[in-house]
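run-v1.cif follows (mmCIF, C-alpha atoms):
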```cif
data_coords
loop_
_atom_site.label_atom_id
_atom_site.label_comp_id
_atom_site.auth_asym_id
_atom_site.auth_seq_id
_atom_site.Cartn_x
_atom_site.Cartn_y
_atom_site.Cartn_z
CA MET Z 1 -15.44 22.09 22.79
CA GLN Z 2 -16.41 19.03 20.80
CA VAL Z 3 -14.86 17.83 17.58
CA GLU Z 4 -16.48 15.56 15.02
CA VAL Z 5 -14.37 12.71 13.67
CA ILE Z 6 -15.27 10.82 10.49
CA LEU Z 7 -14.35 7.14 10.63
CA PHE Z 8 -13.55 4.66 7.90
CA GLY Z 9 -13.08 0.91 7.53
CA GLN Z 10 -13.04 -1.25 10.60
CA LEU Z 11 -13.09 1.85 12.85
CA THR Z 12 -16.78 2.23 11.98
CA ASP Z 13 -17.37 -1.31 13.29
CA ILE Z 14 -15.72 -0.45 16.60
CA ALA Z 15 -17.63 2.83 17.01
CA ARG Z 16 -20.81 1.36 15.48
CA GLY Z 17 -21.08 4.33 13.15
CA GLY Z 18 -19.25 6.54 10.70
CA LYS Z 19 -18.95 9.60 12.97
CA ILE Z 20 -18.04 10.19 16.60
CA LEU Z 21 -17.96 13.30 18.78
CA ILE Z 22 -15.00 13.79 21.08
CA GLY Z 23 -14.90 16.50 23.77
CA ASP Z 24 -12.17 18.62 25.33
CA VAL Z 25 -9.21 17.99 23.07
CA ALA Z 26 -6.84 20.71 21.90
CA ASP Z 27 -4.60 18.74 19.56
CA THR Z 28 -4.43 15.45 17.67
CA ASP Z 29 -2.36 13.69 20.36
CA GLU Z 30 -5.09 14.43 22.90
CA LEU Z 31 -7.65 13.35 20.34
CA VAL Z 32 -6.04 9.93 19.91
CA LYS Z 33 -5.78 9.52 23.68
CA ALA Z 34 -9.44 10.44 24.17
CA ILE Z 35 -10.58 8.15 21.36
CA GLU Z 36 -8.62 5.20 22.70
CA GLN Z 37 -10.06 5.81 26.16
CA GLN Z 38 -13.58 5.80 24.77
CA TYR Z 39 -12.97 2.98 22.27
CA PRO Z 40 -10.09 0.84 23.58
CA ALA Z 41 -10.26 -1.46 20.53
CA MET Z 42 -9.14 1.40 18.30
CA ALA Z 43 -5.71 1.32 19.94
CA GLY Z 44 -5.04 -1.94 18.09
CA VAL Z 45 -5.98 -0.59 14.65
CA LYS Z 46 -3.55 1.10 12.24
CA TYR Z 47 -4.90 4.34 10.79
CA ILE Z 48 -3.81 7.78 9.65
CA ILE Z 49 -5.29 11.06 10.86
CA ALA Z 50 -6.52 13.68 8.42
CA ALA Z 51 -7.25 17.26 9.51
CA ASP Z 52 -9.14 19.41 7.01
CA LYS Z 53 -8.59 16.73 4.36
CA LYS Z 54 -4.82 16.69 4.75
CA VAL Z 55 -2.77 13.85 6.20
CA ILE Z 56 -0.97 14.90 9.36
CA SER Z 57 2.13 13.19 10.72
CA THR Z 58 2.92 15.30 13.78
CA ASN Z 59 0.83 16.60 16.66
CA THR Z 60 -1.47 19.32 15.31
CA PRO Z 61 -3.72 21.81 17.12
CA ILE Z 62 -7.43 21.34 16.41
CA ASN Z 63 -10.65 23.24 17.11
CA GLU Z 64 -14.36 22.56 16.68
CA LYS Z 65 -14.16 23.63 13.04
CA THR Z 66 -11.38 21.17 12.12
CA GLU Z 67 -12.69 18.40 9.90
CA LEU Z 68 -11.12 15.26 11.30
CA ALA Z 69 -11.01 11.79 9.80
CA LEU Z 70 -9.33 8.51 10.67
CA LEU Z 71 -8.49 6.26 7.73
CA PRO Z 72 -7.13 2.71 7.99
CA PRO Z 73 -5.30 1.21 5.02
CA PHE Z 74 -7.24 -1.28 2.88
CA SER Z 75 -5.57 -4.24 1.22
CA GLY Z 76 -8.48 -5.96 -0.54
CA GLY Z 77 -8.74 -6.31 -4.28
CA MET R 1 -14.57 -10.22 -40.74
CA LYS R 2 -11.38 -8.23 -40.80
CA ILE R 3 -11.12 -6.66 -37.37
CA ASP R 4 -8.38 -4.11 -38.17
CA ASN R 5 -10.62 -2.25 -40.59
CA ASN R 6 -13.24 -1.77 -37.91
CA ILE R 7 -11.23 0.54 -35.69
CA TYR R 8 -13.38 3.57 -36.52
CA GLU R 9 -16.55 1.66 -35.92
CA ARG R 10 -15.29 -0.05 -32.74
CA TYR R 11 -14.30 3.21 -31.07
CA SER R 12 -16.81 5.47 -32.86
CA ARG R 13 -18.78 6.40 -29.75
CA GLN R 14 -15.71 7.77 -28.00
CA LEU R 15 -14.13 9.11 -31.21
CA ILE R 16 -17.09 11.47 -31.66
CA LEU R 17 -16.67 12.84 -28.13
CA LYS R 18 -15.52 16.44 -28.14
CA GLY R 19 -12.16 16.60 -26.37
CA PHE R 20 -11.45 12.92 -27.03
CA GLY R 21 -11.44 12.11 -30.71
CA GLU R 22 -8.73 10.55 -32.81
CA THR R 23 -5.85 12.12 -30.87
CA ALA R 24 -6.89 10.54 -27.58
CA GLN R 25 -7.63 7.22 -29.29
CA GLN R 26 -4.15 7.19 -30.79
CA LYS R 27 -2.66 7.76 -27.35
CA LEU R 28 -4.63 4.81 -25.97
CA LEU R 29 -3.63 2.54 -28.84
CA GLN R 30 0.04 3.36 -28.27
CA ALA R 31 -0.13 2.93 -24.48
CA LYS R 32 1.15 -0.01 -22.43
CA VAL R 33 -0.58 -0.72 -19.15
CA LEU R 34 0.20 -3.46 -16.63
CA VAL R 35 -2.54 -4.67 -14.30
CA VAL R 36 -1.13 -6.51 -11.28
CA GLY R 37 -3.83 -8.74 -9.84
CA ALA R 38 -6.70 -10.10 -11.92
CA GLY R 39 -9.18 -10.24 -9.04
CA GLY R 40 -12.19 -8.04 -8.31
CA LEU R 41 -10.44 -4.76 -9.12
CA GLY R 42 -8.47 -6.19 -12.02
CA CYS R 43 -11.46 -7.83 -13.75
CA ALA R 44 -13.44 -4.58 -13.84
CA CYS R 45 -10.50 -2.39 -14.74
CA LEU R 46 -9.24 -4.74 -17.47
CA GLN R 47 -12.58 -4.92 -19.25
CA TYR R 48 -12.77 -1.17 -19.76
CA LEU R 49 -9.10 -0.73 -20.65
CA VAL R 50 -9.33 -3.44 -23.29
CA ALA R 51 -12.68 -2.19 -24.56
CA ALA R 52 -11.36 1.39 -24.80
CA GLY R 53 -8.44 0.23 -26.92
CA VAL R 54 -5.34 0.46 -24.74
CA GLY R 55 -2.79 -0.97 -27.16
CA THR R 56 -0.85 -3.29 -24.86
CA VAL R 57 -2.35 -4.70 -21.67
CA GLY R 58 -0.33 -6.91 -19.34
CA ILE R 59 -2.17 -9.09 -16.81
CA MET R 60 -0.17 -10.46 -13.91
CA ASP R 61 -1.58 -12.96 -11.41
CA ASP R 62 -0.35 -16.34 -10.18
CA ASP R 63 -3.68 -17.27 -8.61
CA LYS R 64 -6.25 -19.75 -9.88
CA VAL R 65 -9.98 -19.14 -10.20
CA ALA R 66 -12.04 -20.39 -7.22
CA LEU R 67 -15.80 -20.55 -6.72
CA HIS R 68 -15.70 -17.87 -3.99
CA ASN R 69 -14.09 -15.45 -6.48
CA LEU R 70 -17.07 -15.43 -8.83
CA HIS R 71 -19.28 -13.01 -6.87
CA ARG R 72 -16.90 -10.19 -7.79
CA GLN R 73 -14.38 -11.41 -10.39
CA VAL R 74 -16.71 -11.09 -13.32
CA LEU R 75 -14.41 -12.21 -16.15
CA TYR R 76 -14.58 -15.84 -14.94
CA THR R 77 -17.18 -18.57 -15.07
CA VAL R 78 -17.61 -21.90 -13.29
CA ASN R 79 -15.77 -23.51 -16.20
CA ASP R 80 -12.64 -21.56 -15.20
CA ILE R 81 -12.38 -22.89 -11.65
CA GLY R 82 -8.88 -24.20 -11.03
CA LEU R 83 -7.45 -22.43 -14.09
CA SER R 84 -4.95 -19.54 -14.19
CA LYS R 85 -6.63 -16.16 -13.71
CA ALA R 86 -4.10 -14.34 -15.89
CA GLU R 87 -4.57 -16.78 -18.76
CA ARG R 88 -8.36 -16.99 -18.49
CA ALA R 89 -8.71 -13.20 -18.24
CA ALA R 90 -6.45 -12.80 -21.29
CA ALA R 91 -8.50 -15.34 -23.28
CA VAL R 92 -11.81 -13.62 -22.51
CA LEU R 93 -10.40 -10.15 -23.18
CA ARG R 94 -8.88 -11.19 -26.53
CA GLN R 95 -12.41 -12.02 -27.64
CA LEU R 96 -13.59 -8.61 -26.50
CA ASN R 97 -10.87 -6.84 -28.47
CA PRO R 98 -8.66 -9.00 -30.73
CA ALA R 99 -6.96 -5.95 -32.24
CA ILE R 100 -4.87 -5.12 -29.19
CA ASN R 101 -1.94 -6.93 -27.60
CA ILE R 102 -2.83 -8.77 -24.39
CA LYS R 103 -0.08 -10.47 -22.40
CA ALA R 104 -0.71 -12.93 -19.58
CA PHE R 105 1.86 -13.39 -16.81
CA ASN R 106 0.88 -16.44 -14.77
CA GLU R 107 3.40 -15.63 -12.07
CA ARG R 108 3.60 -13.83 -8.77
CA LEU R 109 4.98 -10.31 -8.61
CA ALA R 110 8.32 -10.52 -6.79
CA VAL R 111 11.31 -8.29 -6.13
CA GLY R 112 13.13 -10.30 -8.79
CA ASN R 113 10.70 -9.61 -11.67
CA ALA R 114 8.99 -6.30 -10.76
CA ILE R 115 11.63 -3.84 -11.98
CA SER R 116 12.26 -5.35 -15.42
CA LEU R 117 8.54 -5.87 -16.02
CA PHE R 118 7.45 -2.38 -14.89
CA ALA R 119 10.11 -0.85 -17.13
CA GLU R 120 8.21 -2.15 -20.16
CA TYR R 121 4.95 -0.37 -19.29
CA ASP R 122 3.73 3.26 -19.14
CA ILE R 123 1.34 2.86 -16.22
CA ILE R 124 1.02 0.24 -13.45
CA ILE R 125 -2.37 -0.60 -11.94
CA ASP R 126 -2.54 -2.09 -8.45
CA GLY R 127 -5.35 -4.63 -8.21
CA THR R 128 -3.69 -6.85 -5.62
CA ASP R 129 -5.19 -8.09 -2.38
CA ASN R 130 -2.35 -7.88 0.14
CA PHE R 131 -0.05 -5.29 1.68
CA SER R 132 3.13 -7.12 0.74
CA SER R 133 2.36 -6.68 -2.98
CA ARG R 134 1.02 -3.16 -2.51
CA TYR R 135 4.19 -1.86 -0.86
CA MET R 136 6.32 -3.76 -3.37
CA ILE R 137 4.40 -2.22 -6.30
CA ASN R 138 4.62 1.26 -4.79
CA ASP R 139 8.35 1.05 -4.20
CA ALA R 140 9.00 -0.42 -7.67
CA CYS R 141 6.94 2.37 -9.27
CA VAL R 142 8.96 5.00 -7.38
CA LEU R 143 12.24 3.40 -8.45
CA THR R 144 11.21 2.99 -12.10
CA GLY R 145 9.36 6.32 -12.26
CA LYS R 146 6.03 4.81 -13.32
CA PRO R 147 2.64 6.29 -12.44
CA LEU R 148 0.62 3.97 -10.20
CA ILE R 149 -3.15 3.76 -10.34
CA TYR R 150 -4.02 2.63 -6.83
CA GLY R 151 -7.28 1.00 -5.79
CA ALA R 152 -8.18 -0.99 -2.67
CA VAL R 153 -11.35 -2.26 -1.04
CA SER R 154 -12.56 -3.55 2.31
CA LYS R 155 -16.10 -4.65 3.12
CA PHE R 156 -18.25 -1.77 1.79
CA GLU R 157 -15.54 0.89 1.23
CA GLY R 158 -12.95 1.55 -1.41
CA GLN R 159 -10.01 3.90 -2.03
CA VAL R 160 -8.66 5.24 -5.36
CA ALA R 161 -5.67 7.47 -6.12
CA ILE R 162 -2.93 8.14 -8.64
CA PHE R 163 0.54 7.90 -7.15
CA ASN R 164 3.98 8.75 -8.43
CA CYS R 165 2.76 11.24 -10.97
CA SER R 166 3.46 14.99 -10.93
CA ILE R 167 0.96 17.59 -12.12
CA ASN R 168 3.76 19.99 -13.04
CA ALA R 169 7.17 18.95 -14.26
CA GLY R 170 9.82 18.95 -11.55
CA GLU R 171 7.31 18.58 -8.72
CA GLN R 172 8.00 15.77 -6.26
CA PRO R 173 5.26 13.20 -6.78
CA VAL R 174 3.26 11.61 -3.95
CA ASN R 175 3.41 7.87 -3.37
CA TYR R 176 1.52 5.32 -1.26
CA ARG R 177 4.01 5.66 1.60
CA ASP R 178 3.17 9.37 1.89
CA LEU R 179 -0.29 8.15 2.85
CA PHE R 180 0.55 4.98 4.79
CA PRO R 181 4.32 5.04 5.52
CA GLN R 182 4.66 1.54 6.98
CA PRO R 183 2.79 -1.69 6.33
CA PRO R 184 0.47 -2.65 9.16
CA THR R 185 1.06 -5.86 11.06
CA ALA R 186 -1.37 -8.68 10.29
CA ASP R 187 -3.45 -8.01 13.40
CA GLU R 188 -3.76 -4.25 12.82
CA VAL R 189 -6.09 -4.57 9.85
CA ASP R 190 -9.06 -6.68 8.91
CA ASN R 191 -8.05 -9.79 7.04
CA CYS R 192 -9.83 -9.60 3.69
CA ALA R 193 -10.84 -13.24 3.63
CA GLU R 194 -12.38 -12.86 7.08
CA ALA R 195 -13.73 -9.33 6.66
CA GLY R 196 -15.47 -9.93 3.33
CA VAL R 197 -16.27 -7.54 0.51
CA LEU R 198 -19.48 -6.52 -1.27
CA GLY R 199 -19.12 -8.01 -4.76
CA VAL R 200 -20.08 -4.88 -6.69
CA LEU R 201 -17.61 -2.67 -4.78
CA PRO R 202 -14.35 -3.76 -6.50
CA GLY R 203 -16.35 -3.42 -9.74
CA ILE R 204 -16.93 0.26 -8.96
CA ILE R 205 -13.41 0.94 -7.68
CA GLY R 206 -11.76 -1.06 -10.51
CA THR R 207 -13.82 0.89 -13.04
CA MET R 208 -12.70 4.14 -11.40
CA GLN R 209 -9.10 2.92 -11.79
CA ALA R 210 -9.75 2.32 -15.50
CA ASN R 211 -11.23 5.81 -15.80
CA GLU R 212 -8.20 7.39 -14.09
CA THR R 213 -5.88 5.40 -16.37
CA ILE R 214 -7.69 6.50 -19.52
CA LYS R 215 -7.72 10.14 -18.38
CA LEU R 216 -4.03 10.06 -17.53
CA LEU R 217 -3.10 8.44 -20.85
CA THR R 218 -5.19 10.78 -22.99
CA GLY R 219 -4.80 13.97 -20.94
CA ILE R 220 -8.54 14.58 -20.62
CA GLY R 221 -10.19 15.80 -17.43
CA THR R 222 -8.61 16.09 -14.00
CA GLY R 223 -7.08 12.97 -12.53
CA LEU R 224 -6.72 11.91 -8.91
CA VAL R 225 -3.10 13.04 -8.84
CA ASN R 226 -2.15 13.93 -5.24
CA ARG R 227 -5.71 13.11 -4.18
CA LEU R 228 -7.23 10.03 -2.58
CA ILE R 229 -10.92 9.37 -2.88
CA THR R 230 -12.79 7.00 -0.60
CA PHE R 231 -16.18 5.65 -1.65
CA ASN R 232 -18.74 4.09 0.65
CA ALA R 233 -21.08 1.75 -1.21
CA LEU R 234 -23.66 1.77 1.59
CA ASN R 235 -24.39 5.50 1.60
CA ASN R 236 -22.64 6.68 -1.60
CA GLN R 237 -20.51 9.10 0.38
CA LEU R 238 -17.26 10.26 -1.16
CA TYR R 239 -14.43 11.64 0.93
CA GLU R 240 -11.45 13.31 -0.68
CA LEU R 241 -8.03 13.66 0.88
CA GLN R 242 -5.26 15.96 -0.36
CA LEU R 243 -1.87 14.25 -0.39
CA THR R 244 1.54 15.88 -0.08
CA PRO R 245 5.04 14.39 -0.19
CA GLN R 246 6.39 13.65 3.31
CA LYS R 247 10.05 14.17 4.13
CA GLU R 248 10.53 10.75 5.73
CA THR R 249 9.03 8.75 2.87
CA ARG R 250 12.14 8.46 0.71
CA ASN R 251 13.99 6.77 3.58
CA LEU R 252 11.36 4.03 3.70
CA ILE R 253 11.82 3.08 0.05
CA PRO R 254 14.81 0.98 -1.02
CA ALA R 255 17.59 3.28 -2.24
CA ASP R 256 18.08 1.57 -5.61
CA PHE R 257 17.20 -1.52 -7.67
CA ALA R 258 19.77 -3.66 -5.85
CA ALA R 259 18.36 -2.74 -2.43
CA PHE R 260 14.82 -3.33 -3.73
CA GLU R 261 15.70 -6.82 -4.89
CA LYS R 262 17.00 -7.64 -1.41
CA THR R 263 13.88 -6.36 0.37
CA ASP R 264 11.63 -9.00 1.92
CA TYR R 265 8.14 -7.50 1.61
CA ASP R 266 6.38 -10.54 3.05
CA TRP R 267 8.55 -10.18 6.08
CA LEU R 268 8.00 -6.41 6.35
CA CYS R 269 4.27 -7.09 6.35
CA GLY R 270 4.60 -9.71 9.06
CA ILE R 271 3.62 -12.57 6.77
CA SER R 272 6.77 -14.67 6.93
CA GLY R 273 10.01 -14.80 8.85
CA SER R 274 11.27 -16.69 11.86
CA GLY R 275 10.11 -14.74 14.87
CA VAL R 276 12.01 -11.66 15.92
CA GLU R 277 15.48 -12.36 14.54
CA ILE R 278 16.75 -10.41 11.53
CA ASN R 279 19.94 -10.90 9.56
CA THR R 280 22.52 -8.20 8.80
CA ASP R 281 21.04 -7.34 5.36
CA VAL R 282 17.57 -6.74 6.76
CA PHE R 283 19.11 -4.91 9.71
CA ASP R 284 20.98 -2.57 7.36
CA SER R 285 17.95 -1.74 5.25
CA LEU R 286 15.70 -1.30 8.30
CA ARG R 287 17.98 0.78 10.52
CA LYS R 288 18.08 3.61 7.94
CA GLN R 289 14.33 4.08 8.10
CA ALA R 290 12.83 6.99 9.99
CA ALA R 291 10.35 4.87 11.95
CA VAL R 292 13.07 2.72 13.49
CA VAL R 293 14.91 3.02 16.80
CA VAL R 294 18.04 0.88 17.31
CA ILE R 295 19.12 -0.02 20.86
CA ASP R 296 22.39 -1.52 22.08
CA VAL R 297 21.50 -3.64 25.13
CA ARG R 298 25.12 -4.40 26.13
CA GLU R 299 26.69 -2.96 29.29
CA TYR R 300 28.12 0.55 28.85
CA ASP R 301 31.77 -0.57 28.85
CA GLU R 302 31.48 -3.43 26.36
CA LYS R 303 33.55 -3.37 23.19
CA PRO R 304 33.53 -3.07 20.21
CA VAL R 305 32.30 0.51 20.17
CA VAL R 306 29.58 1.09 17.59
CA ASP R 307 29.83 4.45 15.84
CA GLU R 308 28.67 3.42 12.37
CA PHE R 309 24.99 4.22 12.97
CA ALA R 310 22.80 6.12 15.42
CA HIS R 311 21.47 4.09 18.35
CA LEU R 312 20.51 4.25 22.01
CA ARG R 313 22.43 2.48 24.76
CA ILE R 314 20.28 0.83 27.42
CA PRO R 315 21.73 -2.29 29.10
CA LEU R 316 19.40 -5.30 29.19
CA ALA R 317 18.91 -5.12 32.97
CA LYS R 318 17.57 -1.55 32.73
CA LEU R 319 15.70 -1.86 29.43
CA VAL R 320 12.17 -2.70 30.55
CA ASN R 321 12.17 0.00 33.24
CA GLU R 322 13.81 2.73 31.21
CA PHE R 323 12.49 2.18 27.71
CA THR R 324 8.76 2.50 28.19
CA ASN R 325 7.72 4.67 25.31
CA THR R 326 8.80 5.55 21.76
CA GLU R 327 7.28 7.33 18.79
CA LYS R 328 8.94 4.82 16.47
CA ASP R 329 7.03 1.88 15.06
CA ILE R 330 9.98 -0.49 14.89
CA ILE R 331 12.48 -1.32 17.64
CA ILE R 332 15.68 -3.17 16.76
CA LEU R 333 17.87 -4.51 19.53
CA PHE R 334 21.43 -5.73 19.33
CA CYS R 335 24.07 -7.04 21.70
CA GLN R 336 27.40 -8.86 21.32
CA THR R 337 26.20 -12.18 19.82
CA GLY R 338 22.42 -11.88 19.56
CA LYS R 339 21.48 -13.80 22.71
CA ARG R 340 20.79 -10.93 25.07
CA SER R 341 19.04 -8.93 22.36
CA ALA R 342 16.72 -11.88 21.67
CA ALA R 343 15.85 -11.98 25.37
CA ALA R 344 15.44 -8.19 25.33
CA ALA R 345 13.05 -8.48 22.36
CA ALA R 346 10.93 -10.97 24.27
CA SER R 347 10.78 -8.64 27.31
CA LEU R 348 9.86 -5.63 25.20
CA GLU R 349 7.16 -7.59 23.40
CA ALA R 350 5.60 -8.17 26.79
CA VAL R 351 5.62 -4.39 27.33
CA PHE R 352 4.53 -3.15 23.91
CA GLY R 353 2.47 -6.12 22.76
CA ASP R 354 1.38 -5.69 19.14
CA THR R 355 1.80 -1.91 19.07
CA LYS R 356 5.45 -2.11 17.94
CA LYS R 357 7.49 -4.38 15.72
CA ILE R 358 10.44 -5.58 17.75
CA PHE R 359 13.51 -7.29 16.28
CA SER R 360 16.84 -8.66 17.38
CA LEU R 361 19.98 -8.64 15.23
CA ALA R 362 20.97 -12.30 14.74
CA GLY R 363 24.66 -12.96 15.42
CA GLY R 364 24.97 -9.66 17.26
CA ILE R 365 27.27 -6.73 16.56
CA LEU R 366 30.32 -9.02 16.29
CA ASN R 367 28.81 -10.74 13.26
CA TRP R 368 27.67 -7.40 11.81
CA LYS R 369 31.19 -5.93 12.15
CA ARG R 370 32.64 -9.06 10.53
CA LYS R 371 30.29 -8.62 7.54
CA GLN R 372 31.26 -4.94 7.27
CA SER R 373 34.96 -5.72 7.03
CA ALA R 374 34.46 -8.71 4.72
#
```

File written out as structure tokens:
Amino acid sequence: MQVEVILFGQLTDIARGGKILIGDVADTDELVKAIEQQYPAMAGVKYIIAADKKVISTNTPINEKTELALLPPFSGG
Amino acid sequence: MKIDNNIYERYSRQLILKGFGETAQQKLLQAKVLVVGAGGLGCACLQYLVAAGVGTVGIMDDDKVALHNLHRQVLYTVNDIGLSKAERAAAVLRQLNPAINIKAFNERLAVGNAISLFAEYDIIIDGTDNFSSRYMINDACVLTGKPLIYGAVSKFEGQVAIFNCSINAGEQPVNYRDLFPQPPTADEVDNCAEAGVLGVLPGIIGTMQANETIKLLTGIGTGLVNRLITFNALNNQLYELQLTPQKETRNLIPADFAAFEKTDYDWLCGISGSGVEINTDVFDSLRKQAAVVVIDVREYDEKPVVDEFAHLRIPLAKLVNEFTNTEKDIIILFCQTGKRSAAAAASLEAVFGDTKKIFSLAGGILNWKRKQSA
């Protein structure tokens, strides 16, 4: 199973694109682990996880249909 | 020319709009809106608010115009370099619409002036460029019950939302901390000055903030209440996020005005402060937060016993081996006098690096207990 993750802000610089595919993850904790393994620089970036356009704050099961996004906070004005 | 008599002509193109008309115009003319930050977002937002006829517009910024501002801060010219942004913006905007009341505040938003100033306005607009101000504005809006029109940009992307505003009466409103509970540390986000921003982007996002403000004031359309929109200027993609109140959020916001005025937002955002040591006031406001774990690093038999607040007990000698992981973002250590906890903080920093904020209670638990009984 692969999930698609939409990236924002500086995460797109690290991944060199606005979307990444991550395989074999059943929940958001595994997702973060897999992403940080593939893109170690993302471990040092603050971001929130959205599943199906809702912010999640605890570990959440995901499947290939879950729309995932990682959003860092912006401060610029 | 007598300006006052030209109200119908000035606003005629929006007065003839079905669903807007005189009723909506009246609401705008009676409204008071405060724009914090007269930078890229503020310049765009202010122009449309003033043009649309918002009756009282406050502009707060302690910064001065610089040449590198001009690619995005479109109210200013080269003749303004070195002058107050708030005052220059006010002067330009008074020429655009002399019939409304424009107030310039050439001062920095601070915990000491935010509450009394916000209380005088109906809506607060965040056009600032740093997390310290953003969290301060959010918390002050929650405490004063003011809707917050949020906008922020980075490089080619922007975010817009309305916070602290309920769709239905009695509903708990969403605020910025429901989205991003804790400020990031300086190294966890791109520094704006280093990261850069496409000049037109804050123009777009600031204009969206003006649109949301006008809709909220007049009651037309559907606002971004409980919704965050991100806009990518490179590919025009919009992404919308549904926001819901989070249980932990209220614990992150100062309990009342007095606690707010004691909060050091620069320090919370890692901008100022002397290393890892925190005083008893900061300790007391921090330890109540959900994202914090407090650890007593004294030996198990040491007195005084601490039963005033929840904490873990891990003696210094065992700390690095036993405390290897935590879900919390902030770790606060204390001991008898503050010496061992400072050493413990240094050891834990070596373990966690920049992933956690680690602090030591200055003066230790003896000093804290003394303050409690004083």

Please evaluate the PyMOL selection byres ((chain Z and resi 63-66) around 9) against the displayed coordinates and give the resulting residues as a list of chain:residue names.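 With the PyMOL selection byres ((chain Z and resi 63-66) around 9) on this model, the match is Z:Met1, Z:Gln2, Z:Val3, Z:Glu4, Z:Val25, Z:Ala26, Z:Asp27, Z:Ala51, Z:Asp52, Z:Pro61, Z:Ile62, Z:Glu67, Z:Leu68.
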
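Between atom CA of Trp267 of chain R and atom CA of Leu148 of chain R the interatomic distance comes to 23.0 Å.
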
Under the PyMOL selection byres ((chain Z) within 6 of (chain R)), which residues of this model are included? Write them out as number ranges by chain. Z: 44-46, 53-54, 74-77

Given the file shown, enumerate the residues that the PyMOL selection byres ((chain R and resi 145) around 10) captures and present them as a tab-separated table (two decimals) with C-alpha atoms, in the frame of the given file.
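Output file result.tsv is given in full below:
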```tsv
chain	number	residue	atom	x	y	z
R	118	PHE	CA	7.45	-2.38	-14.89
R	119	ALA	CA	10.11	-0.85	-17.13
R	122	ASP	CA	3.73	3.26	-19.14
R	123	ILE	CA	1.34	2.86	-16.22
R	139	ASP	CA	8.35	1.05	-4.20
R	140	ALA	CA	9.00	-0.42	-7.67
R	141	CYS	CA	6.94	2.37	-9.27
R	142	VAL	CA	8.96	5.00	-7.38
R	143	LEU	CA	12.24	3.40	-8.45
R	144	THR	CA	11.21	2.99	-12.10
R	146	LYS	CA	6.03	4.81	-13.32
R	147	PRO	CA	2.64	6.29	-12.44
R	148	LEU	CA	0.62	3.97	-10.20
R	164	ASN	CA	3.98	8.75	-8.43
R	165	CYS	CA	2.76	11.24	-10.97
R	173	PRO	CA	5.26	13.20	-6.78
```

Counting only C-alpha atoms, what is within 7 Å of Leu7 of chain Z, bar same-chain residues fewer than 5 positions away, as a list in words?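 After dropping sequence-adjacent residues, the list is Thr12, Gly18, Lys19, Ala69, Leu70 and Leu71 of chain Z.
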
Could you please determine the separation between atom CA of Leu28 of chain R and atom CA of Ala89 of chain R in Å, to one decimal place?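 Answer for the atom CA of Leu28 of chain R to atom CA of Ala89 of chain R separation: 20.0 Å.
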
In Å, rounded to a single decimal, give me how far atom CA of Gln37 of chain Z is from atom CA of Ile22 of chain Z. 10.7 Å

Which residues are near Ala34 of chain Z? Cut-off 10 Å, only C-alpha atoms, ignore same chain within fewer than 3 positions. Put them as an NGL selection string. :Z and (22-25 or 28-31 or 37-40)

Do you know which residues are at most 8 Å from Leu333 of chain R counting all atoms listed in the file, after dropping those on the same chain fewer than 6 positions away, and could you put them as a ChimeraX atom specification? /R:294-297,341-342,344-345,358-361

Is there a way to complete segment 66-75 of chain Z with N, CA and C atoms and then write that out as a CSV table (one decimal), keeping the file's coordinate frame?
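Contents of the output file out12.csv:
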```csv
chain,number,residue,atom,x,y,z
Z,66,THR,N,-12.3,22.1,12.9
Z,66,THR,CA,-11.4,21.2,12.1
Z,66,THR,C,-12.1,19.9,11.7
Z,67,GLU,N,-12.0,19.6,10.4
Z,67,GLU,CA,-12.7,18.4,9.9
Z,67,GLU,C,-11.7,17.2,10.1
Z,68,LEU,N,-12.0,16.3,11.0
Z,68,LEU,CA,-11.1,15.3,11.3
Z,68,LEU,C,-11.6,13.9,10.7
Z,69,ALA,N,-10.7,13.1,10.3
Z,69,ALA,CA,-11.0,11.8,9.8
Z,69,ALA,C,-9.9,10.8,10.1
Z,70,LEU,N,-10.3,9.6,10.4
Z,70,LEU,CA,-9.3,8.5,10.7
Z,70,LEU,C,-9.5,7.5,9.6
Z,71,LEU,N,-8.4,7.2,8.9
Z,71,LEU,CA,-8.5,6.3,7.7
Z,71,LEU,C,-7.5,5.1,7.9
Z,72,PRO,N,-8.0,3.9,8.0
Z,72,PRO,CA,-7.1,2.7,8.0
Z,72,PRO,C,-6.8,2.3,6.6
Z,73,PRO,N,-5.6,1.7,6.4
Z,73,PRO,CA,-5.3,1.2,5.0
Z,73,PRO,C,-6.2,0.0,4.7
Z,74,PHE,N,-6.5,-0.1,3.4
Z,74,PHE,CA,-7.2,-1.3,2.9
Z,74,PHE,C,-6.3,-2.1,2.0
Z,75,SER,N,-6.4,-3.4,2.1
Z,75,SER,CA,-5.6,-4.2,1.2
Z,75,SER,C,-6.4,-5.0,0.2
```
